[in-house]
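With mmCIF, C-alpha atoms inside, this is start-v1.cif:
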```cif
data_entry
#
loop_
_atom_site.label_atom_id
_atom_site.label_comp_id
_atom_site.auth_asym_id
_atom_site.auth_seq_id
_atom_site.Cartn_x
_atom_site.Cartn_y
_atom_site.Cartn_z
CA MET I 248 0.00 0.00 0.00
CA GLU I 249 1.27 3.44 -0.91
CA ARG I 250 2.07 5.74 1.98
CA HIS I 251 -0.01 8.55 0.40
CA LEU I 252 -3.01 6.22 0.06
CA ASP I 253 -2.55 5.18 3.70
CA ASN I 254 -2.70 8.78 4.83
CA GLU I 255 -5.81 9.54 2.80
CA ILE I 256 -7.59 6.40 4.00
CA ASN I 257 -6.70 7.23 7.60
CA HIS I 258 -8.10 10.71 7.17
CA VAL I 259 -11.48 9.37 6.00
CA LYS I 260 -11.38 6.67 8.68
CA GLU I 261 -10.94 9.32 11.37
CA SER I 262 -13.95 11.21 10.04
CA LEU I 263 -15.96 7.97 10.17
CA LEU I 264 -14.96 7.47 13.80
CA LYS I 265 -16.12 10.99 14.53
CA MET I 266 -19.40 10.14 12.77
CA ALA I 267 -19.73 6.98 14.88
CA GLY I 268 -19.10 9.02 18.05
CA LEU I 269 -21.83 11.48 17.09
CA ALA I 270 -24.30 8.69 16.28
CA GLU I 271 -23.56 6.91 19.57
CA ALA I 272 -23.95 10.17 21.51
CA ALA I 273 -27.26 10.82 19.74
CA ILE I 274 -28.72 7.48 20.88
CA ASP I 275 -27.34 7.97 24.39
CA LYS I 276 -28.83 11.46 24.69
CA ALA I 277 -32.18 10.42 23.17
CA ILE I 278 -32.58 7.58 25.68
CA ARG I 279 -31.48 9.78 28.60
CA ALA I 280 -33.95 12.43 27.44
CA LEU I 281 -36.66 9.76 27.43
CA LYS I 282 -35.78 8.40 30.88
CA GLU I 283 -35.24 11.79 32.53
CA ARG I 284 -38.09 13.50 30.63
CA ASP I 285 -35.55 16.10 29.56
CA THR I 286 -36.98 17.87 26.51
CA GLN I 287 -33.99 20.18 26.19
CA LEU I 288 -31.67 17.21 25.80
CA ALA I 289 -34.09 15.71 23.26
CA ARG I 290 -34.01 18.92 21.25
CA GLU I 291 -30.20 18.83 21.28
CA VAL I 292 -30.38 15.46 19.51
CA ILE I 293 -32.81 16.86 16.93
CA ASP I 294 -30.69 19.98 16.35
CA GLN I 295 -27.42 18.05 16.09
CA ASP I 296 -28.69 15.88 13.24
CA GLN I 297 -27.78 18.50 10.66
CA ALA I 298 -24.08 18.28 11.65
CA ILE I 299 -24.25 14.49 11.28
CA ASN I 300 -25.81 14.82 7.81
CA GLU I 301 -23.05 17.22 6.77
CA LEU I 302 -20.37 14.87 8.03
CA GLU I 303 -21.95 11.98 6.10
CA ILE I 304 -21.64 13.95 2.86
CA GLU I 305 -18.07 14.97 3.69
CA ILE I 306 -17.10 11.33 4.27
CA GLU I 307 -18.84 10.18 1.10
CA ASN I 308 -17.06 12.85 -0.92
CA GLY I 309 -13.78 11.79 0.72
CA CYS I 310 -14.34 8.17 -0.33
CA PHE I 311 -15.28 9.20 -3.85
CA THR I 312 -12.15 11.34 -4.17
CA LEU I 313 -10.03 8.46 -2.87
CA LEU I 314 -11.50 6.06 -5.43
CA ALA I 315 -11.11 8.55 -8.27
CA ARG I 316 -7.58 9.71 -7.47
CA GLN I 317 -5.92 6.65 -6.03
CA GLN I 318 -7.76 3.86 -7.82
CA PRO I 319 -7.17 1.43 -4.97
CA VAL I 320 -7.51 -2.30 -5.53
CA ALA I 321 -8.03 -5.44 -3.44
CA ALA I 322 -8.02 -4.87 0.32
CA ASP I 323 -7.91 -1.05 0.07
CA LEU I 324 -10.84 -0.98 -2.33
CA ARG I 325 -12.81 -3.30 -0.09
CA PHE I 326 -12.02 -1.13 2.93
CA ILE I 327 -13.21 2.03 1.18
CA MET I 328 -16.41 0.32 0.01
CA ALA I 329 -17.01 -0.69 3.63
CA LEU I 330 -16.45 2.93 4.70
CA VAL I 331 -19.09 4.13 2.22
CA LYS I 332 -21.69 1.68 3.47
CA ILE I 333 -20.94 2.04 7.19
CA ASN I 334 -21.13 5.82 6.78
CA ASN I 335 -24.61 5.42 5.30
CA ASP I 336 -25.66 3.07 8.11
CA LEU I 337 -24.43 5.52 10.78
CA GLU I 338 -26.44 8.34 9.27
CA ARG I 339 -29.54 6.13 9.50
CA VAL I 340 -28.69 5.26 13.13
CA ALA I 341 -28.66 8.98 13.90
CA ASP I 342 -32.05 9.38 12.15
CA HIS I 343 -33.49 6.73 14.47
CA ALA I 344 -32.05 8.60 17.47
CA VAL I 345 -33.88 11.72 16.22
CA ASN I 346 -37.14 9.72 15.97
CA ILE I 347 -36.65 8.58 19.58
CA ALA I 348 -35.90 12.14 20.71
CA GLN I 349 -39.09 13.40 19.03
CA LYS I 350 -41.15 10.78 20.86
CA ALA I 351 -39.33 11.69 24.11
CA VAL I 352 -40.50 15.30 23.68
CA SER I 353 -44.10 14.23 23.16
CA LEU I 354 -43.98 11.72 26.07
CA ALA I 355 -42.59 14.37 28.45
CA GLU I 356 -45.85 16.31 27.97
CA SER I 357 -47.91 13.73 29.89
CA VAL I 358 -47.42 11.69 33.07
CA PRO I 359 -45.25 8.57 32.67
CA LEU I 360 -47.18 5.50 31.51
CA LYS I 361 -44.94 3.06 33.38
CA PRO I 362 -41.43 2.76 34.78
CA LEU I 363 -39.12 2.21 31.80
CA ILE I 364 -37.10 -0.98 32.17
CA ASP I 365 -37.06 -3.00 28.96
CA ILE I 366 -36.60 -0.05 26.61
CA PRO I 367 -33.43 1.25 28.37
CA HIS I 368 -32.23 -2.38 28.48
CA MET I 369 -32.80 -2.69 24.70
CA ALA I 370 -31.02 0.64 24.23
CA ASP I 371 -28.01 -0.64 26.22
CA ILE I 372 -27.76 -3.73 24.02
CA ALA I 373 -28.26 -1.77 20.79
CA GLN I 374 -25.60 0.76 21.83
CA GLU I 375 -23.16 -1.99 22.75
CA MET I 376 -23.82 -3.67 19.39
CA LEU I 377 -23.10 -0.39 17.60
CA ARG I 378 -19.91 0.20 19.61
CA ASN I 379 -18.70 -3.36 19.03
CA SER I 380 -19.49 -3.20 15.31
CA LEU I 381 -17.29 -0.11 15.04
CA ASP I 382 -14.56 -1.68 17.20
CA SER I 383 -14.63 -4.74 14.97
CA PHE I 384 -14.18 -2.43 11.98
CA ILE I 385 -11.21 -0.63 13.51
CA ARG I 386 -9.52 -3.82 14.70
CA HIS I 387 -10.47 -5.85 11.59
CA ASP I 388 -11.97 -8.31 14.04
CA ALA I 389 -14.43 -10.62 12.27
CA ALA I 390 -15.02 -12.68 15.43
CA LEU I 391 -16.28 -9.61 17.31
CA ALA I 392 -18.41 -8.66 14.31
CA ARG I 393 -19.98 -12.15 14.36
CA GLN I 394 -20.85 -11.70 18.06
CA VAL I 395 -22.72 -8.51 17.15
CA CYS I 396 -24.75 -10.34 14.47
CA GLU I 397 -25.67 -13.03 16.98
CA ARG I 398 -27.12 -10.49 19.41
CA ASP I 399 -29.61 -9.17 16.87
CA ASP I 400 -32.10 -11.91 17.79
CA VAL I 401 -31.99 -10.82 21.46
CA VAL I 402 -33.09 -7.30 20.51
CA ASP I 403 -35.80 -8.64 18.18
CA ALA I 404 -37.17 -10.77 21.04
CA LEU I 405 -37.08 -7.81 23.44
CA ASP I 406 -38.92 -5.67 20.89
CA GLU I 407 -41.68 -8.27 20.62
CA GLN I 408 -41.90 -8.53 24.41
CA VAL I 409 -42.11 -4.74 24.79
CA GLN I 410 -44.80 -4.58 22.12
CA ARG I 411 -46.88 -7.30 23.82
CA GLU I 412 -46.62 -5.57 27.19
CA LEU I 413 -47.60 -2.20 25.71
CA ILE I 414 -50.68 -3.73 24.06
CA THR I 415 -51.89 -4.81 27.51
CA TYR I 416 -51.47 -1.21 28.72
CA MET I 417 -53.47 0.01 25.74
CA MET I 418 -56.22 -2.50 26.50
CA GLN I 419 -56.41 -1.61 30.19
CA ASP I 420 -57.26 2.03 29.62
CA HIS I 421 -57.73 3.93 26.40
CA LYS I 422 -55.96 6.92 27.99
CA ASN I 423 -52.76 4.86 27.76
CA ILE I 424 -52.97 4.35 24.01
CA SER I 425 -51.14 7.37 22.70
CA ARG I 426 -48.21 7.00 25.13
CA ALA I 427 -48.02 3.23 24.65
CA LEU I 428 -47.93 3.75 20.88
CA ASP I 429 -45.05 6.23 21.23
CA LEU I 430 -43.14 3.69 23.33
CA THR I 431 -43.88 0.95 20.76
CA LEU I 432 -42.37 3.11 18.03
CA ILE I 433 -39.32 3.88 20.21
CA SER I 434 -38.82 0.14 20.64
CA LYS I 435 -39.05 -0.32 16.84
CA ASN I 436 -36.42 2.41 16.37
CA LEU I 437 -34.06 0.61 18.77
CA GLU I 438 -34.68 -2.63 16.92
CA ARG I 439 -33.69 -0.85 13.66
CA ILE I 440 -30.50 0.51 15.32
CA ALA I 441 -29.60 -3.07 16.26
CA ASP I 442 -30.30 -4.10 12.63
CA LEU I 443 -28.02 -1.36 11.32
CA SER I 444 -25.28 -2.39 13.77
CA THR I 445 -25.68 -5.89 12.38
CA ASN I 446 -25.36 -4.50 8.84
CA ILE I 447 -22.12 -2.75 9.86
CA SER I 448 -20.79 -5.99 11.35
CA GLU I 449 -21.67 -7.83 8.14
CA GLU I 450 -19.72 -5.23 6.18
CA VAL I 451 -16.74 -5.80 8.50
CA ILE I 452 -16.87 -9.56 8.02
CA PHE I 453 -17.21 -8.99 4.28
CA PHE I 454 -14.12 -6.85 4.05
CA VAL I 455 -12.09 -8.89 6.54
CA GLU I 456 -12.92 -12.25 5.05
CA ALA I 457 -13.76 -11.11 1.52
CA ARG I 458 -16.98 -12.97 1.68
CA THR I 459 -20.42 -12.05 2.81
CA ILE I 460 -22.67 -13.39 5.51
CA LYS I 461 -25.05 -10.59 4.76
CA HIS I 462 -28.07 -12.78 4.42
CA LYS I 463 -28.43 -15.87 6.54
CA HIS I 464 -28.02 -19.23 4.81
CA LEU I 465 -25.85 -17.61 2.18
CA ASP I 466 -22.13 -17.94 1.99
CA VAL I 467 -21.21 -16.56 -1.38
CA HIS I 468 -17.53 -15.99 -2.04
CA ILE I 469 -16.68 -12.82 -3.86
CA ARG I 470 -15.65 -13.25 -7.46
CA PRO I 471 -11.87 -13.04 -7.87
CA MET N 17 -15.62 5.32 -22.03
CA GLU N 18 -14.17 1.97 -23.00
CA ARG N 19 -16.48 -0.40 -24.82
CA HIS N 20 -15.62 -3.23 -22.41
CA LEU N 21 -16.42 -1.04 -19.40
CA ASP N 22 -19.74 -0.08 -21.05
CA ASN N 23 -20.67 -3.74 -21.41
CA GLU N 24 -19.79 -4.57 -17.83
CA ILE N 25 -21.68 -1.57 -16.47
CA ASN N 26 -24.73 -2.50 -18.57
CA HIS N 27 -24.62 -6.02 -17.22
CA VAL N 28 -24.74 -4.81 -13.61
CA LYS N 29 -27.35 -2.21 -14.53
CA GLU N 30 -29.59 -4.93 -15.94
CA SER N 31 -29.27 -6.90 -12.72
CA LEU N 32 -30.23 -3.78 -10.78
CA LEU N 33 -33.34 -3.34 -12.92
CA LYS N 34 -34.24 -6.95 -12.21
CA MET N 35 -33.75 -6.20 -8.51
CA ALA N 36 -36.01 -3.13 -8.81
CA GLY N 37 -38.66 -5.24 -10.55
CA LEU N 38 -38.56 -7.80 -7.74
CA ALA N 39 -38.77 -5.09 -5.04
CA GLU N 40 -41.70 -3.40 -6.80
CA ALA N 41 -43.49 -6.73 -7.21
CA ALA N 42 -42.92 -7.48 -3.52
CA ILE N 43 -44.66 -4.26 -2.44
CA ASP N 44 -47.46 -4.80 -4.93
CA LYS N 45 -48.09 -8.36 -3.76
CA ALA N 46 -47.84 -7.43 -0.07
CA ILE N 47 -50.48 -4.72 -0.45
CA ARG N 48 -52.74 -6.97 -2.55
CA ALA N 49 -52.35 -9.69 0.10
CA LEU N 50 -53.39 -7.14 2.73
CA LYS N 51 -56.41 -5.86 0.76
CA GLU N 52 -57.61 -9.28 -0.41
CA ARG N 53 -56.72 -11.05 2.86
CA ASP N 54 -54.71 -13.50 0.75
CA THR N 55 -52.24 -15.22 3.08
CA GLN N 56 -50.81 -17.38 0.30
CA LEU N 57 -49.79 -14.28 -1.65
CA ALA N 58 -48.30 -12.80 1.54
CA ARG N 59 -46.25 -15.94 2.05
CA GLU N 60 -44.98 -15.68 -1.54
CA VAL N 61 -43.54 -12.25 -0.66
CA ILE N 62 -41.87 -13.67 2.44
CA ASP N 63 -40.47 -16.68 0.55
CA GLN N 64 -39.19 -14.58 -2.36
CA ASP N 65 -37.05 -12.38 -0.12
CA GLN N 66 -34.20 -14.87 -0.19
CA ALA N 67 -33.89 -14.49 -3.98
CA ILE N 68 -33.78 -10.71 -3.60
CA ASN N 69 -31.05 -11.00 -0.95
CA GLU N 70 -29.01 -13.23 -3.26
CA LEU N 71 -29.39 -10.79 -6.13
CA GLU N 72 -28.26 -7.91 -3.90
CA ILE N 73 -25.03 -9.76 -3.15
CA GLU N 74 -24.52 -10.64 -6.82
CA ILE N 75 -24.92 -6.97 -7.81
CA GLU N 76 -22.59 -5.79 -5.05
CA ASN N 77 -19.96 -8.30 -6.13
CA GLY N 78 -20.45 -7.14 -9.73
CA CYS N 79 -19.81 -3.51 -8.73
CA PHE N 80 -16.77 -4.48 -6.69
CA THR N 81 -15.30 -6.46 -9.59
CA LEU N 82 -15.96 -3.52 -11.92
CA LEU N 83 -14.16 -1.11 -9.59
CA ALA N 84 -11.23 -3.48 -9.07
CA ARG N 85 -10.71 -4.48 -12.70
CA GLN N 86 -11.67 -1.38 -14.63
CA GLN N 87 -10.73 1.38 -12.21
CA PRO N 88 -13.35 3.73 -13.63
CA VAL N 89 -13.12 7.46 -13.00
CA ALA N 90 -15.42 10.49 -13.14
CA ALA N 91 -18.94 9.78 -14.43
CA ASP N 92 -18.47 5.99 -14.58
CA LEU N 93 -17.21 5.86 -11.01
CA ARG N 94 -20.09 8.01 -9.84
CA PHE N 95 -22.55 5.76 -11.70
CA ILE N 96 -21.14 2.61 -10.09
CA MET N 97 -21.23 4.20 -6.62
CA ALA N 98 -24.88 5.06 -7.26
CA LEU N 99 -25.50 1.43 -8.28
CA VAL N 100 -24.02 0.19 -4.99
CA LYS N 101 -26.20 2.47 -2.90
CA ILE N 102 -29.42 2.02 -4.89
CA ASN N 103 -28.91 -1.75 -4.70
CA ASN N 104 -28.73 -1.46 -0.91
CA ASP N 105 -31.84 0.73 -0.81
CA LEU N 106 -33.80 -1.73 -2.95
CA GLU N 107 -32.94 -4.60 -0.65
CA ARG N 108 -34.31 -2.54 2.25
CA VAL N 109 -37.47 -1.76 0.26
CA ALA N 110 -38.00 -5.51 -0.16
CA ASP N 111 -37.49 -6.00 3.60
CA HIS N 112 -40.29 -3.51 4.27
CA ALA N 113 -42.53 -5.41 1.82
CA VAL N 114 -41.82 -8.56 3.86
CA ASN N 115 -42.79 -6.72 7.07
CA ILE N 116 -46.08 -5.68 5.43
CA ALA N 117 -46.70 -9.24 4.22
CA GLN N 118 -46.14 -10.60 7.74
CA LYS N 119 -48.69 -8.15 9.15
CA ALA N 120 -51.09 -9.08 6.30
CA VAL N 121 -50.90 -12.71 7.42
CA SER N 122 -51.67 -11.80 11.02
CA LEU N 123 -54.51 -9.40 10.00
CA ALA N 124 -56.14 -12.06 7.81
CA GLU N 125 -56.70 -14.14 10.94
CA SER N 126 -59.31 -11.72 12.33
CA VAL N 127 -62.25 -9.77 10.86
CA PRO N 128 -61.30 -6.55 9.07
CA LEU N 129 -60.99 -3.52 11.35
CA LYS N 130 -62.12 -1.06 8.70
CA PRO N 131 -62.23 -0.64 4.93
CA LEU N 132 -58.69 0.12 3.78
CA ILE N 133 -58.52 3.37 1.85
CA ASP N 134 -55.57 5.51 2.98
CA ILE N 135 -53.08 2.66 3.25
CA PRO N 136 -53.60 1.46 -0.35
CA HIS N 137 -53.46 5.13 -1.40
CA MET N 138 -50.12 5.56 0.44
CA ALA N 139 -48.91 2.34 -1.19
CA ASP N 140 -49.82 3.68 -4.65
CA ILE N 141 -47.82 6.86 -4.05
CA ALA N 142 -44.85 4.99 -2.54
CA GLN N 143 -44.80 2.56 -5.47
CA GLU N 144 -44.98 5.39 -7.98
CA MET N 145 -42.13 7.15 -6.16
CA LEU N 146 -40.05 3.98 -6.33
CA ARG N 147 -40.82 3.48 -10.03
CA ASN N 148 -40.03 7.10 -10.86
CA SER N 149 -36.80 7.03 -8.85
CA LEU N 150 -35.64 4.05 -10.92
CA ASP N 151 -36.83 5.67 -14.17
CA SER N 152 -34.89 8.81 -13.26
CA PHE N 153 -31.82 6.63 -12.73
CA ILE N 154 -32.17 4.91 -16.10
CA ARG N 155 -32.86 8.14 -17.98
CA HIS N 156 -30.36 10.24 -15.97
CA ASP N 157 -33.31 12.54 -15.31
CA ALA N 158 -32.57 14.78 -12.32
CA ALA N 159 -35.85 16.71 -12.78
CA LEU N 160 -37.90 13.52 -12.35
CA ALA N 161 -35.76 12.58 -9.35
CA ARG N 162 -36.52 15.97 -7.78
CA GLN N 163 -40.25 15.36 -8.23
CA VAL N 164 -39.88 12.13 -6.27
CA CYS N 165 -38.14 13.95 -3.40
CA GLU N 166 -40.94 16.49 -3.30
CA ARG N 167 -43.61 13.81 -2.84
CA ASP N 168 -41.99 12.46 0.32
CA ASP N 169 -43.83 15.05 2.43
CA VAL N 170 -47.18 13.84 1.05
CA VAL N 171 -46.50 10.31 2.28
CA ASP N 172 -45.30 11.60 5.67
CA ALA N 173 -48.55 13.56 6.06
CA LEU N 174 -50.64 10.52 5.07
CA ASP N 175 -48.74 8.37 7.58
CA GLU N 176 -49.57 10.85 10.36
CA GLN N 177 -53.20 10.98 9.29
CA VAL N 178 -53.45 7.17 9.22
CA GLN N 179 -51.85 6.98 12.65
CA ARG N 180 -54.27 9.52 14.13
CA GLU N 181 -57.27 7.69 12.68
CA LEU N 182 -56.05 4.33 13.98
CA ILE N 183 -55.62 5.77 17.49
CA THR N 184 -59.32 6.69 17.49
CA TYR N 185 -60.16 3.07 16.56
CA MET N 186 -57.96 1.87 19.42
CA MET N 187 -59.73 4.20 21.83
CA GLN N 188 -63.23 3.18 20.71
CA ASP N 189 -62.79 -0.47 21.58
CA HIS N 190 -59.83 -2.28 23.07
CA LYS N 191 -60.61 -5.22 20.77
CA ASN N 192 -59.41 -3.02 17.89
CA ILE N 193 -55.97 -2.39 19.38
CA SER N 194 -53.97 -5.26 18.01
CA ARG N 195 -55.28 -4.85 14.45
CA ALA N 196 -54.95 -1.05 14.55
CA LEU N 197 -51.35 -1.46 15.75
CA ASP N 198 -50.58 -3.81 12.83
CA LEU N 199 -52.03 -1.25 10.40
CA THR N 200 -49.99 1.54 12.07
CA LEU N 201 -46.81 -0.46 11.51
CA ILE N 202 -47.80 -1.14 7.87
CA SER N 203 -48.21 2.60 7.39
CA LYS N 204 -44.73 3.16 8.89
CA ASN N 205 -43.28 0.59 6.50
CA LEU N 206 -44.82 2.41 3.53
CA GLU N 207 -43.43 5.68 4.85
CA ARG N 208 -39.97 4.06 4.96
CA ILE N 209 -40.37 2.80 1.37
CA ALA N 210 -41.11 6.39 0.32
CA ASP N 211 -37.99 7.50 2.24
CA LEU N 212 -35.87 4.92 0.45
CA SER N 213 -37.29 6.00 -2.93
CA THR N 214 -36.29 9.53 -1.95
CA ASN N 215 -32.79 8.27 -1.10
CA ILE N 216 -32.56 6.64 -4.54
CA SER N 217 -33.65 9.90 -6.19
CA GLU N 218 -31.03 11.81 -4.21
CA GLU N 219 -28.40 9.36 -5.46
CA VAL N 220 -29.60 9.99 -9.03
CA ILE N 221 -29.38 13.76 -8.62
CA PHE N 222 -25.94 13.30 -7.05
CA PHE N 223 -24.56 11.32 -9.93
CA VAL N 224 -26.32 13.37 -12.63
CA GLU N 225 -25.37 16.74 -11.23
CA ALA N 226 -22.29 15.70 -9.26
CA ARG N 227 -23.63 17.44 -6.26
CA THR N 228 -25.79 16.30 -3.43
CA ILE N 229 -29.17 17.42 -2.16
CA LYS N 230 -29.10 14.53 0.22
CA HIS N 231 -29.94 16.55 3.25
CA LYS N 232 -32.22 19.53 3.00
CA HIS N 233 -30.60 22.97 3.37
CA LEU N 234 -27.31 21.55 2.15
CA ASP N 235 -25.92 22.06 -1.27
CA VAL N 236 -22.35 20.89 -1.02
CA HIS N 237 -20.48 20.54 -4.27
CA ILE N 238 -18.31 17.49 -4.55
CA ARG N 239 -14.61 18.12 -4.23
CA PRO N 240 -12.90 18.12 -7.61
#
```
Translate the structure described by the file into structure tokens.
Amino acid sequence: MERHLDNEINHVKESLLKMAGLAEAAIDKAIRALKERDTQLAREVIDQDQAINELEIEIENGCFTLLARQQPVAADLRFIMALVKINNDLERVADHAVNIAQKAVSLAESVPLKPLIDIPHMADIAQEMLRNSLDSFIRHDAALARQVCERDDVVDALDEQVQRELITYMMQDHKNISRALDLTLISKNLERIADLSTNISEEVIFFVEARTIKHKHLDVHIRP
Amino acid sequence: MERHLDNEINHVKESLLKMAGLAEAAIDKAIRALKERDTQLAREVIDQDQAINELEIEIENGCFTLLARQQPVAADLRFIMALVKINNDLERVADHAVNIAQKAVSLAESVPLKPLIDIPHMADIAQEMLRNSLDSFIRHDAALARQVCERDDVVDALDEQVQRELITYMMQDHKNISRALDLTLISKNLERIADLSTNISEEVIFFVEARTIKHKHLDVHIRP
């Protein structure tokens, strides 16, 4: 690998890590805003999204410039393609954090429906999955990436459990419906963040092992 | 542009059109299954998803091989990057069709909650947005792509309207809750399909005009 190419790749990689940090902070703040009924914190998440969108475009332009100027091949090309896709996934993670923050604002307007236990628990797992997917990317660690993929089912099961519980709240009293629906959609957003972390991990495995486990039951080797 | 590169790009482009056709058919079938309470049709959508996932991987491998072997620059590179991202968006569209089909199966088990009017209407708009986004890609038509982006707000407004109406059904009778919740989530899936069609259109504008309107209020020109 050329030294110049190394430097340029590292520059884009650093921007991606910054992007990951912003996306992680957005989820963290959105969930804290929900738990602590802190609408100001929720609005911070909503306001910060613009900076994340700008960074996404900057990173994408950086990758494009790299491909156009350096014409990387093999492992470098694969790494840059992974950067492009992970960047896109992180922007979507941040969008889900914004959705959660918006629901947190609306929920803070009424009395709490119930003590929040499962949703913060789901958020912890989803955040850990996101962090580990990024760590696996930085360390080129396919084993860690596989662990992330395996946890996706846990979050799916929690989402179903949360949804079932919230339906019983809706049935008990129609005054619960609007708040229970907001919490259901928050749970769905966390489930999507876990999905996106799984996507990122699949990208990592793809570029580390040059094959894809993107869709279960498939194990297609990349064409030489 | 080299003739050989042209041929290879056309080959991947044809696969992408096949992918788009499958994704469009998946939405169409899922909504028909919902309207006609046809669980067999819904199961077809669910079963077909595997083929769509395989095609996504085939297209991604095709793009990777193109980048590695041909080292395209400028417009060709931008076109291939658009292919990679649109391919990813189409796979997500198909996932949302599967979600709708799954809800259609569960809704067919009980009596209809209400005549479906707004949801099929949303589906029509979302499908037209998807079709137009792909047409804009094929014809390099940034004006058509812009029209798609503009319609996203219409679908968002319909989603909110559907959600408000379904809350009133939930409040009227707790026996409605489970079905109304399924319909709410179907509406959200259609809203996401419209979002993904908007993403595709933004990619088209990006590669046609070499600048991005990806995030509103931004108009960042790509670095030379």
- Message: Distance limit 6 Å, atoms considered: only C-alpha atoms. Which chain I residues sit that close to chain N? Return them as a PyMOL selection string.
- Response: chain I and resi 315+318+320+418+421
- Which neighbours of Asp134 (chain N) fall inside 12 Å, counting all atoms listed in the file, when residues of the same chain fewer than 4 positions from it are skipped, and could you give them as a PyMOL selection string? chain N and resi 47+51+130+138-141+170-171+173-182+199-200+202-203+206
- Calculate how many Å separate CA of Val114 (chain N) from CA of Gln394 (chain I), rounding to one decimal.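 Answer for the CA of Val114 (chain N) to CA of Gln394 (chain I) separation: 25.5 Å.
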- Message: Between CA of Ala329 (chain I) and CA of Asp151 (chain N), what is the distance in Å, rounded to a tenth?
- Response: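 CA of Ala329 (chain I) sits 27.4 Å away from CA of Asp151 (chain N).
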- Task: Just give me the gap between CA of Ile256 (chain I) and CA of Glu107 (chain N) in Å, one decimal is fine.
- Result: 28.0 Å
